[in-house]
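Note: the block below is final_33.txt and it holds compact mmCIF, C-alpha atoms.
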# COMPACT_ATOMS: atom_id res chain seq x y z
CA MET A 1 -6.91 -59.53 -1.17
CA PRO A 2 -4.38 -61.36 -3.37
CA ILE A 3 -0.76 -60.71 -2.51
CA TYR A 4 1.00 -63.85 -3.75
CA LEU A 5 1.21 -63.62 -7.56
CA ARG A 6 1.98 -66.89 -9.28
CA ALA A 7 4.18 -66.86 -12.34
CA PRO A 8 2.45 -67.48 -15.67
CA GLU A 9 2.78 -70.97 -17.10
CA ALA A 10 3.76 -71.57 -20.70
CA PRO A 11 1.17 -73.45 -22.79
CA ALA A 12 2.02 -77.14 -23.13
CA ASN A 13 1.54 -77.11 -26.91
CA GLY A 14 4.01 -74.30 -27.56
CA PRO A 15 3.48 -71.25 -29.76
CA ASP A 16 2.98 -73.29 -32.92
CA GLY A 17 0.62 -75.83 -31.38
CA LYS A 18 3.06 -78.70 -31.94
CA GLY A 19 5.26 -78.44 -28.91
CA TRP A 20 8.25 -76.27 -28.11
CA ASN A 21 10.86 -76.17 -30.86
CA ARG A 22 13.10 -73.38 -29.64
CA LEU A 23 15.46 -72.93 -26.69
CA SER A 24 14.31 -70.55 -23.94
CA LEU A 25 16.61 -68.46 -21.80
CA ASN A 26 14.22 -69.18 -18.93
CA ALA A 27 14.37 -72.96 -19.38
CA HIS A 28 16.42 -73.47 -16.21
CA GLY A 29 15.56 -70.42 -14.11
CA GLY A 30 11.88 -70.13 -14.92
CA PHE A 31 9.65 -67.31 -13.74
CA LEU A 32 9.51 -66.66 -10.00
CA PRO A 33 6.28 -65.83 -8.14
CA GLN A 34 6.00 -62.20 -7.15
CA CYS A 35 4.65 -60.19 -4.22
CA ALA A 36 1.98 -57.53 -4.79
CA LEU A 37 3.50 -55.46 -1.96
CA ARG A 38 6.86 -55.08 -3.74
CA PRO A 39 6.20 -52.83 -6.78
CA ARG A 40 8.96 -51.97 -9.22
CA ARG A 41 7.30 -49.20 -11.21
CA TRP A 42 4.58 -46.56 -10.88
CA GLY A 43 1.84 -48.72 -12.38
CA ALA A 44 2.61 -51.56 -9.98
CA LEU A 45 2.62 -49.12 -7.04
CA LEU A 46 -0.89 -48.07 -8.06
CA GLU A 47 -1.95 -51.72 -8.16
CA SER A 48 -0.36 -52.43 -4.75
CA ARG A 49 -2.82 -50.00 -3.12
CA ASP A 50 -5.60 -52.39 -4.08
CA THR A 51 -3.99 -55.73 -4.76
CA ARG A 52 -7.14 -57.07 -6.40
CA ARG A 53 -5.83 -55.23 -9.47
CA ALA A 54 -2.28 -56.59 -9.16
CA ARG A 55 -0.90 -58.61 -12.07
CA TRP A 56 2.30 -60.59 -12.25
CA GLY A 57 5.16 -58.80 -13.99
CA GLY A 58 5.65 -55.45 -12.26
CA PHE A 59 6.65 -56.60 -8.77
CA GLY A 60 9.63 -58.01 -6.90
CA PRO A 61 9.92 -61.74 -6.11
CA CYS A 62 8.17 -63.36 -3.16
CA VAL A 63 10.55 -63.65 -0.19
CA ASN A 64 8.56 -66.07 2.00
CA ARG A 65 7.54 -68.91 -0.34
CA GLY A 66 3.93 -67.86 -0.49
CA ARG A 67 3.40 -67.72 3.29
CA CYS A 68 1.80 -64.28 3.50
CA ASP A 69 0.54 -64.54 7.09
CA ASP A 70 4.01 -64.41 8.67
CA CYS A 71 5.76 -62.49 5.88
CA PRO A 72 8.03 -59.61 7.03
CA VAL A 73 7.00 -57.52 4.01
CA ARG A 74 3.34 -57.69 5.00
CA SER A 75 4.13 -57.07 8.67
CA ALA A 76 6.11 -53.94 7.76
CA LEU A 77 3.17 -52.66 5.72
CA HIS A 78 0.99 -52.50 8.84
CA GLY A 79 3.65 -51.80 11.45
CA GLN A 80 5.89 -49.21 9.76
CA CYS A 81 4.71 -45.94 8.22
CA THR A 82 6.94 -44.03 5.81
CA VAL A 83 6.99 -40.30 6.57
CA VAL A 84 7.31 -37.90 3.65
CA PRO A 85 10.07 -35.53 4.89
CA VAL A 86 8.79 -32.46 3.02
CA ASN A 87 6.20 -29.93 4.20
CA ALA A 88 4.51 -29.33 0.86
CA PRO A 89 1.10 -30.10 -0.65
CA ARG A 90 2.74 -32.03 -3.49
CA VAL A 91 6.10 -33.73 -3.93
CA LEU A 92 7.81 -35.34 -6.91
CA VAL A 93 9.41 -38.73 -6.33
CA ARG A 94 12.21 -39.38 -8.83
CA VAL A 95 13.06 -42.99 -9.67
CA GLU A 96 16.75 -43.70 -10.26
CA PRO A 97 17.85 -47.13 -11.57
CA ILE A 98 21.06 -48.66 -10.20
CA PHE A 99 23.37 -50.66 -12.47
CA THR A 100 26.53 -52.52 -11.47
CA GLU A 101 29.67 -52.40 -13.61
CA LYS A 102 29.49 -56.14 -14.34
CA ARG A 103 25.92 -55.96 -15.62
CA LEU A 104 25.98 -56.82 -19.33
CA PHE A 105 22.29 -57.03 -20.15
CA GLY A 106 18.87 -57.03 -18.53
CA GLY A 107 17.28 -54.56 -16.19
CA PRO A 108 18.77 -52.59 -13.30
CA ASP A 109 20.02 -54.21 -10.11
CA GLY A 110 17.87 -51.93 -8.00
CA TRP A 111 16.28 -48.52 -7.65
CA ARG A 112 16.61 -45.44 -5.51
CA LEU A 113 13.62 -43.17 -4.98
CA TRP A 114 14.37 -39.51 -4.18
CA ILE A 115 11.89 -37.07 -2.63
CA THR A 116 11.97 -33.64 -4.30
CA ASN A 117 10.04 -30.38 -4.16
CA GLY A 118 9.41 -30.55 -7.90
CA PRO A 119 11.10 -30.77 -11.30
CA ASP A 120 13.36 -27.78 -10.57
CA ASP A 121 14.74 -29.21 -7.32
CA GLN A 122 18.38 -30.19 -7.98
CA GLU A 123 19.50 -30.76 -4.37
CA TYR A 124 17.38 -33.82 -3.66
CA ARG A 125 20.36 -36.20 -3.38
CA ASN A 126 21.23 -34.60 -0.05
CA GLY A 127 18.33 -36.50 1.52
CA GLN A 128 17.78 -40.16 2.33
CA PRO A 129 16.58 -42.28 -0.62
CA TRP A 130 13.65 -44.69 -0.43
CA LEU A 131 13.21 -48.22 -1.65
CA TRP A 132 10.07 -49.15 -3.54
CA GLU A 133 8.80 -50.91 -0.39
CA ASP A 134 9.05 -47.58 1.45
CA ALA A 135 6.70 -46.00 -1.08
CA THR A 136 4.05 -48.66 -0.40
CA ARG A 137 4.04 -47.72 3.30
CA VAL A 138 3.21 -44.02 2.82
CA ARG A 139 0.00 -43.00 4.59
CA GLY A 140 -2.05 -39.83 4.14
CA TRP A 141 -0.79 -39.08 0.63
CA ASP A 142 -2.56 -39.87 -2.65
CA LEU A 143 -0.61 -41.37 -5.51
CA GLY A 144 -0.53 -38.86 -8.34
CA PRO A 145 0.31 -39.30 -12.04
CA ALA A 146 3.57 -40.57 -13.44
CA TYR A 147 6.16 -38.01 -14.54
CA TYR A 148 8.83 -38.05 -17.26
CA ASP A 149 11.43 -35.49 -18.29
CA GLU A 150 15.00 -35.36 -19.64
CA HIS A 151 16.37 -36.46 -16.26
CA GLY A 152 14.32 -39.65 -16.00
CA GLU A 153 11.02 -40.85 -14.63
CA GLY A 154 9.12 -40.41 -11.41
CA PHE A 155 5.67 -39.87 -9.96
CA TRP A 156 3.77 -37.36 -7.84
CA LEU A 157 2.50 -37.72 -4.26
CA GLU A 158 -0.29 -35.38 -3.15
CA ARG A 159 -0.91 -34.65 0.53
CA THR A 160 -4.38 -35.11 2.06
CA PRO A 161 -5.91 -33.83 5.34
CA SER A 162 -5.31 -37.28 6.82
CA VAL A 163 -1.72 -36.37 7.74
CA PRO A 164 -0.38 -33.33 9.65
CA ALA A 165 2.44 -31.16 8.35
CA VAL A 166 5.95 -32.41 9.04
CA GLY A 167 7.54 -30.56 11.95
CA CYS A 168 4.26 -29.24 13.38
CA VAL A 169 3.27 -30.69 16.76
CA ILE A 170 -0.41 -30.48 17.72
CA ALA A 171 -1.29 -30.62 21.44
CA THR A 172 -4.93 -30.81 22.58
CA ARG A 173 -6.32 -29.95 26.01
CA GLN A 174 -9.91 -31.12 26.39
CA ARG A 175 -12.16 -29.58 29.02
CA THR A 176 -15.77 -30.22 29.98
CA TYR A 177 -17.33 -27.66 27.66
CA SER A 178 -14.38 -26.47 25.57
CA ALA A 179 -11.10 -27.54 24.01
CA ARG A 180 -7.83 -25.92 23.07
CA HIS A 181 -5.47 -27.01 20.31
CA ALA A 182 -1.93 -25.61 20.21
CA PHE A 183 0.22 -25.82 17.07
CA ARG A 184 3.97 -25.67 17.70
CA VAL A 185 6.91 -25.56 15.28
CA ASN A 186 10.39 -25.95 16.78
CA GLY A 187 8.83 -25.65 20.22
CA CYS A 188 7.30 -22.24 19.46
CA ARG A 189 3.51 -21.84 19.29
CA VAL A 190 2.41 -20.49 15.92
CA ALA A 191 -1.35 -21.07 16.19
CA HIS A 192 -3.99 -21.68 18.83
CA LEU A 193 -7.53 -22.95 18.18
CA HIS A 194 -10.10 -22.53 20.94
CA CYS A 195 -13.34 -24.47 20.53
CA ALA A 196 -16.01 -22.82 22.70
CA GLU A 197 -18.02 -26.03 22.85
CA ARG A 198 -16.98 -29.65 22.81
CA CYS A 199 -15.08 -30.52 19.66
CA ARG A 200 -17.26 -31.70 16.83
CA HIS A 201 -14.60 -31.55 14.15
CA GLU A 202 -12.37 -34.40 13.00
CA ASP A 203 -8.57 -34.46 13.01
CA GLU A 204 -8.69 -33.29 9.39
CA LEU A 205 -9.32 -29.71 10.58
CA LEU A 206 -6.22 -29.70 12.79
CA ASN A 207 -4.13 -31.30 10.05
CA THR A 208 -5.27 -28.75 7.48
CA ILE A 209 -4.45 -25.84 9.79
CA SER A 210 -1.00 -27.36 10.35
CA HIS A 211 -0.49 -27.35 6.57
CA ALA A 212 -0.92 -23.57 6.59
CA CYS A 213 1.44 -23.04 9.53
CA PRO A 214 4.84 -21.47 8.73
CA GLY A 215 8.08 -23.41 8.88
CA PRO A 216 10.89 -23.01 11.42
CA ASP A 217 12.01 -19.68 9.93
CA GLY A 218 8.63 -18.11 10.69
CA ALA A 219 8.05 -19.70 14.10
CA ASN A 220 8.95 -16.94 16.55
CA GLU A 221 7.50 -14.23 18.79
CA GLU A 222 8.00 -11.43 16.30
CA ARG A 223 5.23 -9.32 14.76
CA VAL A 224 3.09 -10.71 11.99
CA PRO A 225 3.85 -9.24 8.54
CA VAL A 226 0.19 -8.69 7.53
CA ARG A 227 -1.62 -5.41 8.21
CA TRP A 228 -5.11 -4.46 9.29
CA SER A 229 -5.78 -3.14 5.79
CA GLN A 230 -5.60 -6.75 4.52
CA ALA A 231 -8.27 -8.00 6.92
CA ALA A 232 -11.09 -7.93 4.37
CA GLU A 233 -9.23 -10.08 1.85
CA MET A 234 -8.19 -12.61 4.53
CA ARG A 235 -11.60 -12.93 6.23
CA PRO A 236 -13.47 -16.20 5.51
CA ALA A 237 -16.81 -15.72 3.78
CA SER A 238 -19.79 -15.69 6.15
CA THR A 239 -23.01 -17.65 5.66
CA ASP A 240 -26.52 -17.43 7.06
CA SER A 241 -25.60 -19.79 9.91
CA VAL A 242 -21.99 -18.84 10.70
CA ARG A 243 -20.35 -15.42 10.55
CA PHE A 244 -16.61 -14.76 10.62
CA GLY A 245 -14.68 -11.81 11.97
CA ILE A 246 -10.97 -11.05 11.81
CA ASP A 247 -8.80 -8.88 14.01
CA VAL A 248 -5.24 -7.98 12.95
CA THR A 249 -2.76 -6.55 15.47
CA ASN A 250 0.99 -6.14 15.41
CA MET A 251 1.58 -9.48 17.13
CA SER A 252 -1.31 -11.70 16.00
CA VAL A 253 -4.17 -12.42 13.64
CA LYS A 254 -7.39 -13.60 15.25
CA ILE A 255 -10.22 -15.30 13.30
CA VAL A 256 -13.51 -15.73 15.18
CA ALA A 257 -16.50 -17.82 14.09
CA VAL A 258 -19.85 -16.75 15.59
CA GLN A 259 -23.30 -18.28 15.38
CA ASP A 260 -26.55 -16.52 16.29
CA VAL A 261 -24.72 -13.19 16.77
CA ARG A 262 -23.50 -13.84 20.34
CA ARG A 263 -22.59 -17.53 20.32
CA GLU A 264 -18.90 -18.02 19.64
CA LEU A 265 -18.05 -21.35 18.01
CA ALA A 266 -14.29 -21.14 17.55
CA ARG A 267 -11.40 -18.70 17.78
CA LEU A 268 -8.16 -19.20 15.83
CA THR A 269 -5.15 -17.10 16.86
CA LEU A 270 -2.06 -16.97 14.62
CA THR A 271 1.32 -15.61 15.78
CA GLY A 272 4.82 -15.29 14.33
CA SER A 273 6.55 -13.63 11.41
CA GLY A 274 5.77 -16.52 9.05
CA TRP A 275 2.05 -15.78 8.74
CA THR A 276 1.61 -14.28 5.30
CA ALA A 277 -1.76 -13.28 3.89
CA GLU A 278 -1.84 -16.48 1.85
CA ARG A 279 -1.25 -18.66 4.92
CA VAL A 280 -3.87 -16.78 6.94
CA ARG A 281 -6.43 -17.30 4.18
CA ALA A 282 -5.62 -21.02 4.04
CA ALA A 283 -6.04 -21.44 7.79
CA GLY A 284 -9.28 -19.42 7.80
CA GLU A 285 -10.69 -21.39 4.88
CA ALA A 286 -9.91 -24.66 6.66
CA LEU A 287 -11.79 -23.42 9.73
CA ARG A 288 -14.74 -22.29 7.63
CA THR A 289 -14.99 -25.55 5.67
CA HIS A 290 -15.02 -27.80 8.71
CA LEU A 291 -17.33 -25.60 10.80
CA LEU A 292 -19.90 -25.45 8.02
CA ALA A 293 -19.71 -29.21 7.67
CA ASP A 294 -20.47 -29.59 11.39
CA HIS A 295 -23.33 -27.09 11.41

Would you put the structure from the file into structure tokens?
Amino acid sequence: MPIYLRAPEAPANGPDGKGWNRLSLNAHGGFLPQCALRPRRWGALLESRDTRRARWGGFGPCVNRGRCDDCPVRSALHGQCTVVPVNAPRVLVRVEPIFTEKRLFGGPDGWRLWITNGPDDQEYRNGQPWLWEDATRVRGWDLGPAYYDEHGEGFWLERTPSVPAVGCVIATRQRTYSARHAFRVNGCRVAHLHCAERCRHEDELLNTISHACPGPDGANEERVPVRWSQAAEMRPASTDSVRFGIDVTNMSVKIVAVQDVRRELARLTLTGSGWTAERVRAAGEALRTHLLADH
């Protein structure tokens, strides 16, 4: 895949076909080759995800004289992963240009990228800003559309099941004929998935359940806020092959998937004061989707 982008060459005949007859501000500096892994705007970031689409003009300069094999930028792409420090299905990345006081004309001297919860988030400068190169090393998030408002420009990142929720640690204990997956936030277990048979699901199921898990404020050993009267609305829809049951007590919510009446496939137990009805439905729907895909 092309990474080294050569600078365009001016036609020898000039714009009028008779040779150059005007001075060029680039006569001495020229145009530098660029690197398809160093985007400088949203469109270039989209192209950097498949550099076959990359075109010269929207990227930073090459830093290794065209030697891509031992380039530190390329090595960082494969060896360093940028973690999105927000537990949300979608985040807005705001792009802030940086100008020096001595800059008289031309573009900005650099950019800062800020991770926010959305357009209404005004406290985002309390976090750590990114560089554009950091955005190219994000894994498990899809690049969403560009965004513009009165405060400036930015773009959206949308989380996928390929990445677990930030702050949720998933521990798996595999046995001969069963497996257990524990989900912990701040060291406190908030969910437990027991697979009655050997695991047939992918990591996407565990990641999706972690997305529904509560944050640190709801990770505790207190009673769950949902009631037994909400069981029907939180229960995943059954099918001809897999049926789902739900049991709500003061301290937990238990979702059980059964096949052939007596054959238990999986049991998901949720504990802590952070489990709202919406979160329980999300976790149950994740279990249903992946179990139906496996059966």

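Counting all atoms listed in the file and comparing A:Leu268, A:Leu5, A:Ala146, A:Leu92, the residue that lies closest to Arg53 in chain A is A:Leu5.
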
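Here CA of His192 in chain A stands at a distance of 22.7 Å from CA of Ser229 in chain A.
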
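Distance annotation: of A:His211, A:His181, A:Arg288, A:Arg198, the residue with the minimal separation from Cys168 in chain A is A:His211; atom set is all atoms listed in the file.
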
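Going from CA of Arg139 in chain A to CA of Thr271 in chain A covers 29.6 Å.
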
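Separating CA of Leu206 in chain A from CA of Val93 in chain A is a distance of 26.3 Å.
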
Show me, as a Markdown table, the residues of range 34-62 of chain A having an atom within 10 Å of range 70-83 of chain A, each with the closest atom pair and its distance in Å, using only C-alpha atoms.
| residue | atom | partner | partner_atom | distance |
| --- | --- | --- | --- | --- |
| A:Cys35 | CA | A:Val73 | CA | 9.0 |
| A:Ala36 | CA | A:Arg74 | CA | 9.9 |
| A:Leu37 | CA | A:Val73 | CA | 7.2 |
| A:Arg38 | CA | A:Val73 | CA | 8.1 |
| A:Cys62 | CA | A:Val73 | CA | 9.3 |

Can you tell me, as an MDAnalysis selection string, what residues are no more than 10 Å from range 241-252 of chain A when counting only C-alpha atoms, ignoring any on the same chain fewer than 2 positions away?
chainID A and resid 190:191 221:232 234:239 254:261 263:273 275 284 287:288 291:292 295

Non-local contacts of Tyr124 in chain A (12 Å; all atoms listed in the file; under 4 positions in same chain excluded) as an NGL selection string
:A and (85-86 or 91-96 or 112-120 or 128-130)

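Within 10 Å of the point (1.5, -28.5, 1.2), counting all atoms listed in the file, the protein and nucleic acid residues come to Val86, Asn87, Ala88, Pro89, Arg90, Val91, Glu158, Arg159, Thr160, Pro164, Ala165, Val166, Thr208, Ser210, His211, Ala212 and Cys213 of chain A.
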